[in-house]
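Colleague: Sharing a structure here in structure tokens format.
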Amino acid sequence: METRRCVFVGVGGQGNLLASRLLGEAALAAGVPAVVSEIHGMAQRGGVVESAVLLGDVTSPIVSEAEADVLIGFEPLETMRALGKCNVDSLVITNTQPLPPFTVSVGQGTYPPVDEVLDKIQTKVNNVIALNGNELAEEAGNPLSLNMVMLGALIGSGSVPISAEAMKETISTSTKKAFLESNLKAFDLGWEVASKW
């Protein structure tokens, strides 16, 4: 089986650890070997959170420089910051909605224009899917379902050997029932955008 190395990056509170755990669970349920690793960073304070899901015949949970097949970025600047994990053939799926760090909020820094961030990402890799995940999460009826939008985009891109049905089954059994409908809708919205890319 071909190995797929997926790196998830975001800011604490965006749900990327849950997204990577769900991908790992869906892979195992589908008979795809999976290793999930997490680097929490400053998750409690809006800091960087990185996790990786390695699918296929792998032994190490580490994704080295230029090794990622897919980078899923929940925040544009964090996507750009993690580009070292990518090579020219990597697929980057990024949310375009900024979540400026605390230093910007208190006037000690500036957030670059998102267009510039996306341009820089596109000079490094050939394949970029950029979507406003926060807007799609709102449309699904749950602003906190950004992680489901990004998971949907990942599955919709066809870059991992997990079907939409298998992923939705895992979401159904592993997330809170109160949010199930909005989570599945958010997943579908992300899937739609990426599958048309």
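Following the order of the structure tokens, first chain is A, next is B, and so on, with residues numbered from 1 inside each chain and ligands from 1 in the order they appear.
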Report as a list in words all protein, DNA and RNA residues lying within 6 Å of segment 115-128 of chain A, evaluated on only C-alpha atoms, omitting residues in the same chain fewer than 4 positions from it.

Modeller: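 What passes the distance filter is Val88, Leu91, Val92 and Ile93 of chain A.
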
Colleague: Take the selection from the previous step and output its residues with C-alpha atoms, as a CSV table (one decimal), in the first residue's frame.

Modeller:
```csv
chain,number,residue,atom,x,y,z
A,88,VAL,CA,6.7,20.7,-4.9
A,91,LEU,CA,-1.0,18.9,-1.9
A,92,VAL,CA,-1.8,21.9,0.4
A,93,ILE,CA,-5.3,22.3,1.6
```

Colleague: With only C-alpha atoms as the atoms that count, which of A:Leu151, A:Ile171, A:Leu136, A:Ala166 lies nearest to Leu189 of chain A?

Modeller: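 Counting only C-alpha atoms, the residue closest to Leu189 of chain A is A:Leu136.
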
Colleague: Identify, with DSSP run on backbone atoms, the residues in chain A assigned to strand (DSSP E or B), and express the list as JSON, numbers by chain.

Modeller: {"A": [4, 5, 6, 7, 8, 9, 10, 11, 34, 35, 36, 37, 38, 39, 48, 49, 50, 51, 52, 53, 54, 55, 70, 71, 72, 73, 91, 92, 93, 94, 95, 127, 128, 129, 130, 131]}

Colleague: Go ahead and dump the residues you just picked, C-alpha atoms, as a PDB file, in the first residue's frame.

Modeller:
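The resulting result31.pdb:
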```pdb
ATOM      1  CA  ARG A   4       0.428   8.898   2.580  1.00  0.00           C
ATOM      2  CA  ARG A   5       1.828  11.394   5.057  1.00  0.00           C
ATOM      3  CA  CYS A   6      -0.691  14.010   6.171  1.00  0.00           C
ATOM      4  CA  VAL A   7       0.264  16.951   8.378  1.00  0.00           C
ATOM      5  CA  PHE A   8      -2.410  19.021  10.124  1.00  0.00           C
ATOM      6  CA  VAL A   9      -1.499  22.499  11.415  1.00  0.00           C
ATOM      7  CA  GLY A  10      -3.567  25.132  13.127  1.00  0.00           C
ATOM      8  CA  VAL A  11      -4.072  27.193  16.203  1.00  0.00           C
ATOM      9  CA  ALA A  34      -2.425   4.354  10.406  1.00  0.00           C
ATOM     10  CA  VAL A  35      -0.088   6.091  12.845  1.00  0.00           C
ATOM     11  CA  VAL A  36      -1.243   9.338  14.484  1.00  0.00           C
ATOM     12  CA  SER A  37       1.119  11.706  16.284  1.00  0.00           C
ATOM     13  CA  GLU A  38       0.464  15.022  17.988  1.00  0.00           C
ATOM     14  CA  ILE A  39       2.615  18.006  18.856  1.00  0.00           C
ATOM     15  CA  VAL A  48       0.494  26.393  17.192  1.00  0.00           C
ATOM     16  CA  VAL A  49      -0.856  22.857  17.143  1.00  0.00           C
ATOM     17  CA  GLU A  50       0.538  20.271  14.758  1.00  0.00           C
ATOM     18  CA  SER A  51      -0.424  16.648  14.250  1.00  0.00           C
ATOM     19  CA  ALA A  52       0.379  14.030  11.660  1.00  0.00           C
ATOM     20  CA  VAL A  53      -1.447  11.010  10.294  1.00  0.00           C
ATOM     21  CA  LEU A  54       0.632   8.503   8.366  1.00  0.00           C
ATOM     22  CA  LEU A  55      -1.315   5.988   6.334  1.00  0.00           C
ATOM     23  CA  VAL A  70      -0.711  16.517   2.160  1.00  0.00           C
ATOM     24  CA  LEU A  71      -0.606  19.582   4.415  1.00  0.00           C
ATOM     25  CA  ILE A  72      -3.971  20.553   5.899  1.00  0.00           C
ATOM     26  CA  GLY A  73      -3.721  24.081   7.296  1.00  0.00           C
ATOM     27  CA  LEU A  91      -1.009  18.948  -1.882  1.00  0.00           C
ATOM     28  CA  VAL A  92      -1.764  21.897   0.397  1.00  0.00           C
ATOM     29  CA  ILE A  93      -5.338  22.342   1.616  1.00  0.00           C
ATOM     30  CA  THR A  94      -5.607  25.633   3.469  1.00  0.00           C
ATOM     31  CA  ASN A  95      -8.255  27.631   5.201  1.00  0.00           C
ATOM     32  CA  ASN A 127      -1.274  21.871  -5.799  1.00  0.00           C
ATOM     33  CA  VAL A 128      -3.189  24.191  -3.497  1.00  0.00           C
ATOM     34  CA  ILE A 129      -6.838  24.001  -2.477  1.00  0.00           C
ATOM     35  CA  ALA A 130      -7.777  27.241  -0.689  1.00  0.00           C
ATOM     36  CA  LEU A 131     -11.200  27.610   0.923  1.00  0.00           C
TER      37      LEU A 131
END
```

Colleague: Between A:Leu77, A:Leu22, A:Cys86, A:Val160, which residue has the minimum interatomic distance to Tyr111 of chain A, considering only C-alpha atoms?

Modeller: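 Using only C-alpha atoms, Tyr111 of chain A sits closest to A:Leu77.
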
Colleague: Excluding Ala178 of chain A and residues on its chain fewer than 6 positions from it, collect all residues at most 12 Å away from it, counting only C-alpha atoms, and give them as a PDB file with N, CA and C atoms, in the first residue's frame.

Modeller:
```pdb
ATOM      1  N   GLY A 141     -24.038  25.618  10.138  1.00  0.00           N
ATOM      2  CA  GLY A 141     -24.781  25.849  11.365  1.00  0.00           C
ATOM      3  C   GLY A 141     -23.977  25.676  12.634  1.00  0.00           C
ATOM      4  N   ASN A 142     -22.647  25.502  12.504  1.00  0.00           N
ATOM      5  CA  ASN A 142     -21.815  25.347  13.691  1.00  0.00           C
ATOM      6  C   ASN A 142     -20.438  25.949  13.417  1.00  0.00           C
ATOM      7  N   SER A 172     -19.798   9.974  12.747  1.00  0.00           N
ATOM      8  CA  SER A 172     -21.080   9.643  13.403  1.00  0.00           C
ATOM      9  C   SER A 172     -20.881   8.925  14.727  1.00  0.00           C
ATOM     10  N   LEU A 184     -21.677  16.723   9.944  1.00  0.00           N
ATOM     11  CA  LEU A 184     -21.792  16.030   8.652  1.00  0.00           C
ATOM     12  C   LEU A 184     -22.025  17.016   7.519  1.00  0.00           C
TER      13      LEU A 184
END
```

Colleague: Of the candidates A:Gly84, A:Ser90, A:Pro76, A:Glu165, which shows the shortest atom-to-atom distance to Pro112 of chain A, using only C-alpha atoms?

Modeller: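 Once distances to Pro112 of chain A are computed over only C-alpha atoms, the minimum belongs to A:Pro76.
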
Colleague: So, counting only C-alpha atoms, which residue among A:Val114, A:Ala30, A:Ala194, A:Leu99 is closest to Met150 of chain A?

Modeller: A:Ala194

Colleague: Could you go through segment 1-173 of chain A and tell me which residues DSSP, when run on the backbone, assigns to alpha helix (DSSP H), listing them as number ranges by chain?

Modeller: A: 16-29, 76-81, 102-105, 114-124, 133-139, 146-156, 164-173

Colleague: Any idea what's packed within 12 Å of Glu138 of chain A, counting only C-alpha atoms, ignoring anything in its chain fewer than 4 positions away? Could you give it as a list in words?

Modeller: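 Near neighbours after the sequence-gap exclusion: Asn132, Gly133, Asn134, Asn142, Pro143, Leu144, Ser145, Leu146, Met148, Val149, Ser182, Asn183, Lys185, Ala186 and Leu189 of chain A.
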
Colleague: Which one of A:Ala26, A:Phe74, A:Asp89, A:Glu2 sits closest to Lys168 of chain A if you count only C-alpha atoms?

Modeller: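 So, comparing all the options, the nearest one is A:Ala26.
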
Colleague: Please report the interatomic distance between atom CA of Ser174 of chain A and atom CA of Ser159 of chain A in Å with one decimal.

Modeller: 22.5 Å

Colleague: Report as a PyMOL selection string all protein, DNA and RNA residues lying within 8 Å of Ala27 of chain A, evaluated on only C-alpha atoms, omitting residues in the same chain fewer than 4 positions from it.

Modeller: chain A and resi 23+31-34+55+161-162

Colleague: What does the file look like for those residues with N, CA and C atoms, as a short mmCIF file (atom, residue, chain, number, x, y, z; two decimals), in the first residue's frame?

Modeller:
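New file selection.cif:
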```cif
data_model
loop_
_atom_site.label_atom_id
_atom_site.label_comp_id
_atom_site.auth_asym_id
_atom_site.auth_seq_id
_atom_site.Cartn_x
_atom_site.Cartn_y
_atom_site.Cartn_z
N LEU A 23 -9.39 10.93 11.35
CA LEU A 23 -8.83 10.36 10.12
C LEU A 23 -8.15 9.03 10.43
N GLY A 31 -9.41 -0.64 7.31
CA GLY A 31 -8.33 -1.60 7.09
C GLY A 31 -7.05 -0.99 6.56
N VAL A 32 -6.91 0.32 6.70
CA VAL A 32 -5.70 1.02 6.26
C VAL A 32 -4.83 1.26 7.49
N PRO A 33 -3.60 0.73 7.51
CA PRO A 33 -2.75 0.97 8.68
C PRO A 33 -2.54 2.48 8.88
N ALA A 34 -2.57 2.93 10.14
CA ALA A 34 -2.43 4.35 10.41
C ALA A 34 -1.64 4.60 11.69
N LEU A 55 -0.51 7.11 6.78
CA LEU A 55 -1.32 5.99 6.33
C LEU A 55 -0.46 5.04 5.51
N PRO A 161 -6.66 7.27 0.89
CA PRO A 161 -7.51 6.13 0.52
C PRO A 161 -8.67 5.87 1.47
N ILE A 162 -9.40 6.94 1.82
CA ILE A 162 -10.54 6.83 2.73
C ILE A 162 -11.75 7.40 1.99
#
```
